[in-house]
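**Q** Enclosed is the structure file run_16.tsv (TSV, C-alpha atoms).
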chain	number	residue	atom	x	y	z
A	1	MET	CA	55.20	37.13	58.49
A	2	SER	CA	51.52	37.33	59.29
A	3	ALA	CA	48.95	36.02	56.88
A	4	ALA	CA	46.36	38.49	55.68
A	5	PRO	CA	42.88	38.02	57.12
A	6	SER	CA	39.97	37.07	54.89
A	7	GLY	CA	41.10	33.60	53.76
A	8	ASP	CA	40.59	32.75	50.11
A	9	ARG	CA	39.28	36.17	49.19
A	10	ALA	CA	42.00	38.18	50.91
A	11	LEU	CA	42.78	41.70	49.80
A	12	PRO	CA	46.24	42.00	48.21
A	13	PRO	CA	49.07	42.72	50.71
A	14	SER	CA	49.62	46.05	48.93
A	15	ALA	CA	46.12	47.10	50.06
A	16	TYR	CA	47.10	46.69	53.73
A	17	ALA	CA	50.41	48.52	53.21
A	18	ARG	CA	48.64	51.36	51.39
A	19	MET	CA	45.92	51.64	54.07
A	20	GLY	CA	48.67	51.91	56.70
A	21	ARG	CA	50.36	54.65	54.66
A	22	VAL	CA	47.05	56.52	54.31
A	23	LEU	CA	46.63	56.48	58.10
A	24	TRP	CA	50.16	57.67	58.84
A	25	THR	CA	50.10	60.32	56.12
A	26	GLY	CA	46.75	61.69	57.31
A	27	LEU	CA	47.89	61.71	60.92
A	28	VAL	CA	51.25	63.36	60.21
A	29	ILE	CA	49.71	66.08	57.98
A	30	SER	CA	46.99	66.78	60.57
A	31	LEU	CA	49.32	66.90	63.57
A	32	VAL	CA	51.87	69.12	61.78
A	33	LEU	CA	49.08	71.53	60.76
A	34	LEU	CA	47.52	71.51	64.24
A	35	ALA	CA	50.79	71.93	66.12
A	36	GLY	CA	52.08	74.59	63.69
A	37	ALA	CA	48.85	76.56	63.85
A	38	ILE	CA	48.79	76.47	67.67
A	39	VAL	CA	52.37	77.81	67.80
A	40	ALA	CA	51.50	80.51	65.22
A	41	GLU	CA	48.42	81.53	67.21
A	42	LEU	CA	50.42	81.71	70.43
A	43	VAL	CA	53.04	83.90	68.71
A	44	GLU	CA	50.32	86.14	67.29
A	45	GLN	CA	48.29	86.43	70.51
A	46	PRO	CA	50.62	85.50	73.36
A	47	ARG	CA	48.25	86.85	75.99
A	48	ALA	CA	44.93	86.09	74.38
A	49	ILE	CA	42.17	85.27	76.82
A	50	TYR	CA	40.22	82.14	76.14
A	51	GLU	CA	36.59	83.23	76.27
A	52	GLY	CA	35.07	79.79	76.45
A	53	ALA	CA	33.81	77.60	73.68
A	54	GLU	CA	30.47	79.30	73.10
A	55	SER	CA	31.76	81.13	70.05
A	56	ASN	CA	33.60	78.71	67.80
A	57	PRO	CA	36.47	80.60	66.11
A	58	SER	CA	36.47	78.20	63.14
A	59	ARG	CA	32.90	79.03	62.06
A	60	GLY	CA	34.14	81.48	59.44
A	61	TYR	CA	36.36	78.83	57.88
A	62	LEU	CA	33.81	76.05	57.37
A	63	THR	CA	33.17	76.94	53.74
A	64	ILE	CA	35.66	76.41	50.90
A	65	ASP	CA	35.76	80.15	50.17
A	66	GLY	CA	36.18	81.09	53.83
A	67	LEU	CA	38.87	78.49	54.41
A	68	ALA	CA	40.79	79.47	51.24
A	69	ALA	CA	40.65	83.15	52.22
A	70	GLY	CA	41.81	82.35	55.76
A	71	LEU	CA	44.69	80.18	54.51
A	72	ALA	CA	45.74	82.87	52.03
A	73	ALA	CA	45.67	85.47	54.80
A	74	GLY	CA	47.77	83.18	57.02
A	75	ALA	CA	45.15	83.02	59.80
A	76	PRO	CA	46.27	80.38	62.33
A	77	VAL	CA	42.66	79.34	63.02
A	78	ALA	CA	42.23	78.55	59.31
A	79	TYR	CA	45.24	76.21	59.51
A	80	LEU	CA	43.85	74.67	62.70
A	81	THR	CA	40.55	74.07	60.89
A	82	LEU	CA	42.43	72.54	57.95
A	83	GLY	CA	44.28	70.23	60.36
A	84	VAL	CA	40.99	69.06	61.87
A	85	LEU	CA	39.56	68.60	58.36
A	86	CYS	CA	42.58	66.46	57.37
A	87	LEU	CA	42.06	64.31	60.45
A	88	VAL	CA	38.37	63.87	59.61
A	89	ALA	CA	39.20	63.19	55.94
A	90	THR	CA	41.71	60.39	56.67
A	91	PRO	CA	39.03	57.69	57.28
A	92	PHE	CA	37.19	58.92	54.14
A	93	VAL	CA	40.34	58.14	52.14
A	94	ARG	CA	40.63	54.74	53.83
A	95	VAL	CA	37.07	53.88	52.80
A	96	ALA	CA	37.68	55.17	49.26
A	97	ALA	CA	40.81	52.98	49.07
A	98	GLY	CA	38.74	50.01	50.27
A	99	PHE	CA	36.20	50.64	47.50
A	100	TYR	CA	39.01	50.77	44.93
A	101	TYR	CA	40.48	47.43	46.06
A	102	PHE	CA	37.15	45.61	46.32
A	103	ARG	CA	36.12	46.88	42.90
A	104	ARG	CA	39.46	45.92	41.36
A	105	GLY	CA	39.12	42.44	42.90
A	106	GLY	CA	35.72	42.03	41.24
A	107	GLU	CA	33.85	41.85	44.56
A	108	ARG	CA	30.68	43.69	43.64
A	109	THR	CA	28.82	43.26	46.93
A	110	MET	CA	31.71	44.42	49.11
A	111	ALA	CA	32.43	47.27	46.69
A	112	ALA	CA	28.77	48.33	46.89
A	113	ILE	CA	28.82	48.18	50.72
A	114	THR	CA	32.00	50.28	50.80
A	115	LEU	CA	30.55	52.80	48.34
A	116	ILE	CA	27.42	53.15	50.50
A	117	VAL	CA	29.61	53.81	53.57
A	118	LEU	CA	31.53	56.48	51.61
A	119	VAL	CA	28.32	58.14	50.40
A	120	LEU	CA	26.95	58.15	53.98
A	121	LEU	CA	30.14	59.78	55.28
A	122	LEU	CA	29.93	62.51	52.63
A	123	PHE	CA	26.20	62.92	53.34
A	124	GLY	CA	26.94	63.61	57.02
A	125	LEU	CA	29.62	66.20	56.29
A	126	LEU	CA	28.04	67.96	53.33
A	127	VAL	CA	24.28	67.62	53.90
A	128	LEU	CA	23.27	66.53	57.43
A	129	GLY	CA	25.74	68.75	59.33
A	130	PRO	CA	24.85	72.00	57.53
A	131	LEU	CA	21.16	71.00	57.70
A	132	VAL	CA	21.09	70.74	61.51
A	133	ARG	CA	23.43	73.74	62.01
B	1	MET	CA	42.58	81.84	81.33
B	2	GLU	CA	45.47	82.76	79.04
B	3	LEU	CA	45.46	80.90	75.75
B	4	LEU	CA	48.96	79.48	76.33
B	5	ALA	CA	48.03	78.14	79.75
B	6	PHE	CA	44.74	76.79	78.37
B	7	VAL	CA	46.46	74.98	75.49
B	8	LEU	CA	49.21	73.51	77.68
B	9	LEU	CA	46.77	72.36	80.37
B	10	LEU	CA	44.48	70.84	77.77
B	11	ALA	CA	47.38	69.06	76.05
B	12	LEU	CA	48.51	67.69	79.43
B	13	ALA	CA	44.97	66.54	80.17
B	14	GLY	CA	45.03	64.89	76.73
B	15	VAL	CA	48.27	63.04	77.56
B	16	PHE	CA	46.68	61.80	80.80
B	17	ALA	CA	43.50	60.79	78.96
B	18	GLY	CA	45.44	58.97	76.21
B	19	LEU	CA	47.56	57.15	78.79
B	20	VAL	CA	44.61	56.06	80.93
B	21	GLY	CA	42.49	55.23	77.88
B	22	SER	CA	45.27	53.11	76.41
B	23	LEU	CA	46.12	51.28	79.67
B	24	THR	CA	42.47	50.45	80.38
B	25	GLY	CA	41.52	49.76	76.75
B	26	VAL	CA	38.53	52.11	76.79
B	27	GLY	CA	40.08	54.88	74.67
B	28	GLY	CA	41.16	58.42	75.50
B	29	ALA	CA	37.86	60.12	74.61
B	30	VAL	CA	36.10	58.40	77.53
B	31	VAL	CA	38.48	60.33	79.82
B	32	ILE	CA	38.97	63.62	77.96
B	33	ILE	CA	35.24	64.39	77.45
B	34	PRO	CA	34.31	64.45	81.17
B	35	VAL	CA	37.60	66.26	81.91
B	36	LEU	CA	36.67	68.95	79.33
B	37	VAL	CA	33.21	69.34	80.85
B	38	LEU	CA	34.18	69.15	84.52
B	39	ALA	CA	37.60	70.83	84.59
B	40	PHE	CA	37.53	73.18	81.60
B	41	GLY	CA	33.84	74.06	81.63
B	42	ALA	CA	33.35	73.18	77.97
B	43	PRO	CA	29.72	72.90	76.80
B	44	PHE	CA	28.69	69.31	76.06
B	45	PRO	CA	28.62	69.44	72.21
B	46	ILE	CA	32.05	71.11	72.09
B	47	ALA	CA	33.43	68.38	74.39
B	48	ALA	CA	31.80	65.70	72.18
B	49	GLY	CA	33.28	67.27	69.03
B	50	ALA	CA	36.74	67.37	70.62
B	51	GLY	CA	36.23	63.78	71.80
B	52	LEU	CA	35.58	62.59	68.24
B	53	VAL	CA	38.70	64.40	66.98
B	54	THR	CA	40.80	62.69	69.69
B	55	VAL	CA	39.26	59.34	68.67
B	56	LEU	CA	40.34	60.03	65.07
B	57	ALA	CA	43.91	60.85	66.16
B	58	THR	CA	44.31	57.79	68.41
B	59	SER	CA	42.63	55.47	65.91
B	60	ALA	CA	45.04	56.61	63.18
B	61	THR	CA	48.03	56.25	65.53
B	62	THR	CA	47.30	52.69	66.65
B	63	GLY	CA	45.33	51.64	63.57
B	64	ALA	CA	48.29	51.97	61.22
B	65	VAL	CA	50.25	49.47	63.34
B	66	TYR	CA	47.36	46.96	63.38
B	67	VAL	CA	46.77	47.26	59.61
B	68	ARG	CA	50.46	46.72	58.84
B	69	ARG	CA	50.52	43.61	61.06
B	70	HIS	CA	47.50	42.30	59.10
B	71	LEU	CA	45.50	41.92	62.31
B	72	THR	CA	42.73	44.20	61.03
B	73	ASP	CA	40.03	42.44	59.01
B	74	LEU	CA	39.15	45.21	56.56
B	75	ARG	CA	36.34	43.16	55.01
B	76	ILE	CA	34.49	42.54	58.30
B	77	GLY	CA	35.20	46.10	59.46
B	78	MET	CA	33.78	47.59	56.28
B	79	PHE	CA	30.76	45.25	56.44
B	80	LEU	CA	29.86	46.44	59.96
B	81	GLU	CA	30.46	50.08	59.02
B	82	ILE	CA	27.24	49.94	57.03
B	83	ALA	CA	25.53	49.89	60.46
B	84	THR	CA	27.86	52.03	62.60
B	85	VAL	CA	28.05	54.99	60.18
B	86	PRO	CA	24.25	55.57	59.99
B	87	GLY	CA	24.18	55.16	63.79
B	88	ALA	CA	26.86	57.84	64.20
B	89	LEU	CA	25.07	60.21	61.80
B	90	VAL	CA	21.79	59.84	63.71
B	91	GLY	CA	23.58	60.18	67.07
B	92	ALA	CA	25.47	63.35	66.12
B	93	ALA	CA	22.37	64.96	64.58
B	94	LEU	CA	20.39	64.01	67.71
B	95	THR	CA	22.98	65.71	69.93
B	96	VAL	CA	22.73	68.93	67.90
B	97	VAL	CA	18.92	68.86	68.08
B	98	LEU	CA	18.90	68.14	71.85
B	99	VAL	CA	21.40	70.96	72.49
B	100	ARG	CA	19.16	73.30	70.49
B	101	HIS	CA	16.31	72.35	72.83
B	102	ASP	CA	18.47	73.24	75.84
B	103	LEU	CA	18.86	69.63	76.99
B	104	ASN	CA	22.59	69.87	77.77
B	105	ASN	CA	22.15	68.59	81.32
B	106	ALA	CA	20.11	65.59	80.18
B	107	LEU	CA	22.92	64.77	77.74
B	108	LEU	CA	25.46	65.00	80.58
B	109	VAL	CA	23.45	62.56	82.71
B	110	ALA	CA	23.18	60.19	79.73
B	111	LEU	CA	26.93	60.55	79.04
B	112	GLY	CA	27.68	59.64	82.67
B	113	GLY	CA	25.43	56.59	82.31
B	114	VAL	CA	27.20	55.49	79.12
B	115	LEU	CA	30.60	55.94	80.80
B	116	LEU	CA	29.44	53.75	83.70
B	117	VAL	CA	28.35	51.06	81.20
B	118	VAL	CA	31.79	51.31	79.52
B	119	PHE	CA	33.40	50.96	82.97
B	120	ALA	CA	31.30	47.89	83.84
B	121	SER	CA	31.90	46.28	80.43
B	122	SER	CA	35.63	46.82	80.78
B	123	LEU	CA	35.64	45.19	84.23
B	124	VAL	CA	33.85	42.14	82.82
B	125	ARG	CA	36.19	42.01	79.83
B	126	LEU	CA	39.26	42.04	82.09
B	127	GLN	CA	37.87	39.05	83.98
B	128	GLU	CA	36.30	36.88	81.28
B	129	PRO	CA	38.15	36.11	78.07
B	130	THR	CA	35.69	35.23	75.33
B	131	ALA	CA	35.81	31.79	73.76
B	132	GLY	CA	33.49	29.70	71.67
B	133	ASP	CA	32.97	27.94	68.38
B	134	THR	CA	31.83	29.63	65.19
B	135	ARG	CA	28.67	28.76	63.29
B	136	PRO	CA	28.64	31.11	60.32
B	137	ASP	CA	25.32	32.32	58.93
B	138	ARG	CA	24.54	32.50	55.22
B	139	ARG	CA	25.59	36.14	54.79
B	140	SER	CA	28.95	35.49	56.43
B	141	VAL	CA	29.68	32.66	53.97
B	142	GLU	CA	28.44	34.60	50.92
B	143	LEU	CA	30.54	37.68	51.74
B	144	GLY	CA	33.59	35.62	52.74
B	145	LEU	CA	33.72	37.10	56.24
B	146	SER	CA	36.56	34.81	57.29
B	147	GLY	CA	40.31	34.97	57.64
B	148	VAL	CA	43.56	33.68	59.05
B	149	TYR	CA	46.08	35.50	61.22
B	150	HIS	CA	49.39	34.49	62.73
B	151	ASP	CA	49.32	34.51	66.53
B	152	GLU	CA	52.86	35.21	67.73
B	153	GLN	CA	52.11	34.05	71.29
B	154	LEU	CA	50.63	30.73	70.13
B	155	GLY	CA	53.26	30.38	67.40
B	156	ARG	CA	50.71	29.25	64.80
B	157	SER	CA	48.11	30.55	62.37
B	158	VAL	CA	44.55	30.89	63.64
B	159	ALA	CA	41.58	30.67	61.24
B	160	TYR	CA	38.20	32.25	61.94
B	161	GLN	CA	34.82	32.75	60.30
B	162	ALA	CA	32.31	35.41	61.34
B	163	ALA	CA	29.21	33.85	62.92
B	164	ARG	CA	25.96	35.76	63.58
B	165	THR	CA	25.94	38.88	61.44
B	166	ASP	CA	22.39	40.15	62.22
B	167	PRO	CA	22.90	40.83	65.95
B	168	ALA	CA	26.41	42.12	65.21
B	169	LEU	CA	24.91	44.69	62.83
B	170	GLY	CA	22.35	45.69	65.48
B	171	VAL	CA	24.97	46.19	68.19
B	172	SER	CA	27.16	48.05	65.69
B	173	PHE	CA	24.34	50.50	64.93
B	174	GLY	CA	23.96	51.11	68.67
B	175	ALA	CA	27.73	51.58	69.02
B	176	GLY	CA	27.67	54.13	66.21
B	177	LEU	CA	24.73	55.96	67.80
B	178	ILE	CA	26.57	56.24	71.13
B	179	SER	CA	29.78	57.31	69.38
B	180	GLY	CA	28.10	60.07	67.37
B	181	MET	CA	25.94	61.24	70.27
B	182	PHE	CA	28.56	61.38	73.03
B	183	GLY	CA	31.83	61.76	71.09
B	184	ILE	CA	33.43	58.53	72.31
B	185	GLY	CA	34.88	55.74	70.16
B	186	GLY	CA	32.50	53.09	71.45
B	187	GLY	CA	35.20	50.44	71.05
B	188	VAL	CA	33.91	48.43	74.01
B	189	PHE	CA	30.58	47.89	72.22
B	190	LYS	CA	32.18	47.15	68.84
B	191	VAL	CA	34.57	44.62	70.37
B	192	TYR	CA	31.55	43.01	72.08
B	193	ALA	CA	29.81	42.62	68.70
B	194	LEU	CA	32.94	41.25	67.07
B	195	GLU	CA	33.80	38.82	69.87
B	196	HIS	CA	30.40	37.79	71.18
B	197	TYR	CA	28.32	37.59	67.97
B	198	LEU	CA	30.87	37.21	65.18
B	199	ARG	CA	33.13	35.07	67.41
B	200	LEU	CA	36.34	36.63	66.15
B	201	PRO	CA	39.62	36.05	68.03
B	202	MET	CA	40.31	38.83	70.55
B	203	LYS	CA	43.32	40.26	68.69
B	204	VAL	CA	41.46	40.48	65.37
B	205	ALA	CA	38.39	41.91	67.16
B	206	THR	CA	40.47	44.61	68.87
B	207	ALA	CA	42.31	45.59	65.66
B	208	THR	CA	39.14	45.56	63.52
B	209	SER	CA	37.28	47.58	66.15
B	210	ASN	CA	40.09	50.17	66.03
B	211	PHE	CA	39.67	50.48	62.25
B	212	MET	CA	35.90	50.84	62.65
B	213	ILE	CA	36.25	53.45	65.42
B	214	GLY	CA	38.07	55.81	63.06
B	215	VAL	CA	35.45	55.59	60.31
B	216	THR	CA	32.56	55.90	62.79
B	217	ALA	CA	34.18	58.90	64.49
B	218	ALA	CA	34.68	60.55	61.09
B	219	ALA	CA	30.93	60.22	60.44
B	220	GLY	CA	29.99	61.85	63.76
B	221	ALA	CA	32.80	64.43	63.57
B	222	GLY	CA	31.71	65.39	60.05
B	223	VAL	CA	28.21	66.29	61.30
B	224	LEU	CA	29.45	68.15	64.40
B	225	LEU	CA	32.16	69.95	62.40
B	226	ALA	CA	29.71	71.12	59.74
B	227	ALA	CA	27.25	72.11	62.47
B	228	GLY	CA	29.95	74.27	64.09
B	229	TYR	CA	30.57	72.18	67.23
B	230	VAL	CA	34.23	71.27	66.63
B	231	ASP	CA	36.23	74.08	68.24
B	232	PRO	CA	39.83	73.71	67.00
B	233	TYR	CA	41.22	75.49	70.10
B	234	VAL	CA	39.72	72.70	72.21
B	235	ALA	CA	40.01	69.78	69.79
B	236	ALA	CA	43.60	70.32	68.56
B	237	PRO	CA	45.51	70.33	71.88
B	238	ALA	CA	43.28	67.55	73.22
B	239	ALA	CA	43.91	65.42	70.10
B	240	ILE	CA	47.67	65.97	70.08
B	241	GLY	CA	47.95	65.25	73.82
B	242	THR	CA	45.73	62.18	73.64
B	243	ALA	CA	47.65	60.75	70.66
B	244	VAL	CA	50.95	61.20	72.55
B	245	GLY	CA	49.43	59.63	75.68
B	246	ALA	CA	48.03	56.71	73.67
B	247	VAL	CA	51.44	55.98	72.13
B	248	ALA	CA	53.09	56.16	75.58
B	249	GLY	CA	50.37	53.88	76.98
B	250	SER	CA	50.81	51.30	74.20
B	251	ARG	CA	54.57	51.25	74.93
B	252	LEU	CA	53.95	50.81	78.67
B	253	LEU	CA	51.21	48.19	78.28
B	254	PRO	CA	53.34	45.10	77.44
B	255	GLY	CA	55.49	45.64	80.54
B	256	LEU	CA	52.48	46.18	82.77
B	257	LYS	CA	51.81	42.71	84.17
B	258	ASN	CA	49.92	43.86	87.23
B	259	GLN	CA	46.17	44.19	86.54
B	260	THR	CA	45.75	46.31	89.68
B	261	VAL	CA	46.97	49.45	87.89
B	262	ARG	CA	44.32	48.97	85.19
B	263	TYR	CA	41.61	48.48	87.83
B	264	VAL	CA	42.70	51.68	89.59
B	265	PHE	CA	42.47	53.65	86.33
B	266	LEU	CA	39.08	52.07	85.56
B	267	PHE	CA	37.80	53.37	88.88
B	268	VAL	CA	39.16	56.83	87.95
B	269	ILE	CA	36.87	56.63	84.90
B	270	ALA	CA	33.97	55.54	87.12
B	271	GLY	CA	34.62	58.57	89.32
B	272	LEU	CA	34.56	60.88	86.29
B	273	ALA	CA	31.31	59.24	85.15
B	274	ILE	CA	29.62	59.80	88.52
B	275	GLU	CA	30.82	63.42	88.60
B	276	THR	CA	29.40	63.94	85.10
B	277	VAL	CA	26.01	62.59	86.21
B	278	LEU	CA	26.06	64.87	89.27
B	279	ARG	CA	26.97	67.86	87.08
B	280	GLY	CA	24.09	67.00	84.76
B	281	LEU	CA	21.74	66.82	87.75
B	282	ARG	CA	23.16	70.16	88.98
B	283	LEU	CA	24.24	68.55	92.25
B	284	LEU	CA	27.88	69.55	91.70
For this file, produce the structure as structure tokens.
**A**
Amino acid sequence: MSAAPSGDRALPPSAYARMGRVLWTGLVISLVLLAGAIVAELVEQPRAIYEGAESNPSRGYLTIDGLAAGLAAGAPVAYLTLGVLCLVATPFVRVAAGFYYFRRGGERTMAAITLIVLVLLLFGLLVLGPLVR
Amino acid sequence: MELLAFVLLLALAGVFAGLVGSLTGVGGAVVIIPVLVLAFGAPFPIAAGAGLVTVLATSATTGAVYVRRHLTDLRIGMFLEIATVPGALVGAALTVVLVRHDLNNALLVALGGVLLVVFASSLVRLQEPTAGDTRPDRRSVELGLSGVYHDEQLGRSVAYQAARTDPALGVSFGAGLISGMFGIGGGVFKVYALEHYLRLPMKVATATSNFMIGVTAAAGAGVLLAAGYVDPYVAAPAAIGTAVGAVAGSRLLPGLKNQTVRYVFLFVIAGLAIETVLRGLRLL
């Protein structure tokens, strides 16, 4: 059995197991959504012509309201967008889990570093992206 | 092109990219982005957005294995993320701004240049294994940036302590900038920081870099997604194909004793890089 990195101040083994589960869960959810939505889109528009990427079909689903409406209406592109969002969100959850473990272990500096990383990730998605759109 | 044909071709290209990226160690995005631009005619920011989504998929696929084997140093990875994430945010925002100013071709030339650097770095890495002693700086000691892992090949535990954190943070910021700007994982640069400046063992450096790649890609992808440059029709088949190719490549890798195959694939990447530069210069 491998020893956990980080010597005396190692994270508990459960942290590594949980991080691994977060990765697999995020990946499986995303891939199921992406693959399912592609199949649904192909069934719905079997002879659709791809017009090029100039007009992004997911633009209408980049808000919570738009995405919820698309999901409720069963629009395949909304599910594709949700799959991509899940994939993007997986590392966010990993960082949040890291913050939880560092904080629980009483490591204030590492917890602060992890929190800053999480805030920066959220800043990019919620502030910087829409700002430069 | 019919959507079905487009999706199938893109997924196949993704499998090829994942396979080549895994066998050469440079990552699937380095292959899929020029393929998207050159073969599928995707605009640069859409290719970069799809590249970051493929990086997320492959990082999650291989990262889970590394984390479970306790090869990933989460502490060191998280410490360096404080530099790579701002780099990725700046890089992705810069790409959006440059595209707005109609500088797509300049970005393509720059992407080709970055791919050539990745190619050259990978050649050097295949030839020269890194070695050296560790002299930890004050920050490394204070934050406990050290660890122990069990090396199955050596049959013993190997201890390590991160060395020079300042230059590692600088290189990590640059790696994040390149990742966010061009949509690649930038693993070659992260591994360089981890091996050359922090003096981590190669296996820990590779696993920790894989963890960092996912978080950095999420930062860049978040900006490009919110800015409307992640097209799910392009990103989804590419990501699924690349993840499948990466898994196949990781299964093939242990049995692949001949380095020649890896060199051949590296030169395929160099060819794609040169074609990307020529496309950017409108010579192709």
**Q** Find, counting only C-alpha atoms, the residue in B:Ser172, B:Ser122, B:Thr72, B:Thr208 that gets nearest to chain A.
**A**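 The shortest atom-to-atom distance to chain A comes from B:Thr72.
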**Q** Can you build me a table of chain B residues sitting at most 6 Å from chain A, with the closest atom pair per residue and its distance in Å to one decimal, using all atoms listed in the file, sorted by chain and residue number, as a tab-separated table?
**A**
residue	atom	partner	partner_atom	distance
B:Met1	CA	A:Ile49	CA	5.7
B:Glu2	CA	A:Ile49	CA	4.7
B:Leu3	CA	A:Ala48	CA	5.4
B:Ala60	CA	A:Leu23	CA	5.3
B:Ala64	CA	A:Gly20	CA	4.5
B:Val67	CA	A:Gly20	CA	5.8
B:Arg68	CA	A:Gly20	CA	5.9
B:His70	CA	A:Ala4	CA	5.2
B:Asp73	CA	A:Pro5	CA	5.6
B:Ile82	CA	A:Val117	CA	5.7
B:Ser146	CA	A:Ser6	CA	4.7
B:Gly147	CA	A:Ser6	CA	3.5
B:Val148	CA	A:Pro5	CA	4.8
B:Tyr149	CA	A:Ala3	CA	5.2
B:His150	CA	A:Ser2	CA	4.9
B:Val215	CA	A:Pro91	CA	5.1
B:Ala218	CA	A:Val88	CA	5.2
B:Ala219	CA	A:Leu121	CA	5.2
B:Gly222	CA	A:Leu125	CA	4.4
B:Val223	CA	A:Gly129	CA	4.0
B:Ala226	CA	A:Gly129	CA	4.6
B:Ala227	CA	A:Arg133	CA	4.2
B:Gly228	CA	A:Arg59	CA	6.0
B:Asp231	CA	A:Asn56	CA	5.3
B:Pro232	CA	A:Leu80	CA	6.0
B:Ala236	CA	A:Leu34	CA	6.0
**Q** How many Å lie between atom CA of B:Asp137 and atom CA of B:Met202, rounded to one decimal?
**A**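 Answer for the atom CA of B:Asp137 to atom CA of B:Met202 separation: 20.1 Å.
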**Q** Which of these, A:Arg108, A:Cys86, A:Ala97, A:Val119, has the shortest distance to B:Leu74 once you count all atoms listed in the file?
**A**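 Selected residue with least distance to B:Leu74: A:Ala97.
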**Q** To one decimal place, how far is atom CA of B:Gly51 from atom CA of A:Leu67 in Å?
**A**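 Between atom CA of B:Gly51 and atom CA of A:Leu67 the gap is 22.9 Å.
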**Q** Go ahead and compute the interatomic distance for atom CA of B:Arg199 and atom CA of B:Ser22, in Å to one decimal.
**A**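 Answer for the atom CA of B:Arg199 to atom CA of B:Ser22 separation: 23.5 Å.
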**Q** For B:Arg135, list every protein, DNA or RNA residue within 8 Å, evaluated using all atoms listed in the file, and leave out those in the same chain fewer than 5 positions away; present the list as a VMD selection string.
**A** chain B and resid 161 to 164
**Q** If I put a ball of radius 9 Å at (25.2, 56.3, 73.9) in the file's coordinates, which residues poke into it when counting only C-alpha atoms, written as a PDB file with C-alpha atoms, keeping the file's coordinate frame?
**A**
ATOM      1  CA  GLY B  91      23.580  60.180  67.070  1.00  0.00           C
ATOM      2  CA  ALA B 110      23.180  60.190  79.730  1.00  0.00           C
ATOM      3  CA  LEU B 111      26.930  60.550  79.040  1.00  0.00           C
ATOM      4  CA  GLY B 113      25.430  56.590  82.310  1.00  0.00           C
ATOM      5  CA  VAL B 114      27.200  55.490  79.120  1.00  0.00           C
ATOM      6  CA  LEU B 115      30.600  55.940  80.800  1.00  0.00           C
ATOM      7  CA  GLY B 174      23.960  51.110  68.670  1.00  0.00           C
ATOM      8  CA  ALA B 175      27.730  51.580  69.020  1.00  0.00           C
ATOM      9  CA  GLY B 176      27.670  54.130  66.210  1.00  0.00           C
ATOM     10  CA  LEU B 177      24.730  55.960  67.800  1.00  0.00           C
ATOM     11  CA  ILE B 178      26.570  56.240  71.130  1.00  0.00           C
ATOM     12  CA  SER B 179      29.780  57.310  69.380  1.00  0.00           C
ATOM     13  CA  GLY B 180      28.100  60.070  67.370  1.00  0.00           C
ATOM     14  CA  MET B 181      25.940  61.240  70.270  1.00  0.00           C
ATOM     15  CA  PHE B 182      28.560  61.380  73.030  1.00  0.00           C
ATOM     16  CA  ILE B 184      33.430  58.530  72.310  1.00  0.00           C
ATOM     17  CA  GLY B 186      32.500  53.090  71.450  1.00  0.00           C
TER      18      GLY B 186
END
**Q** Compile the contact shell of B:Val26 as an NGL selection string: residues with an atom at most 9 Å away, counting all atoms listed in the file, same-chain residues fewer than 4 positions apart removed.
**A** :B and (20-22 or 30-31 or 118-119 or 122 or 185-188 or 266)
**Q** Within 10 Å of B:Leu278, counting all atoms listed in the file, which residues qualify if same-chain residues fewer than 6 places away don't, as a VMD selection string?
**A** chain B and resid 105 108 to 109 112 272 284
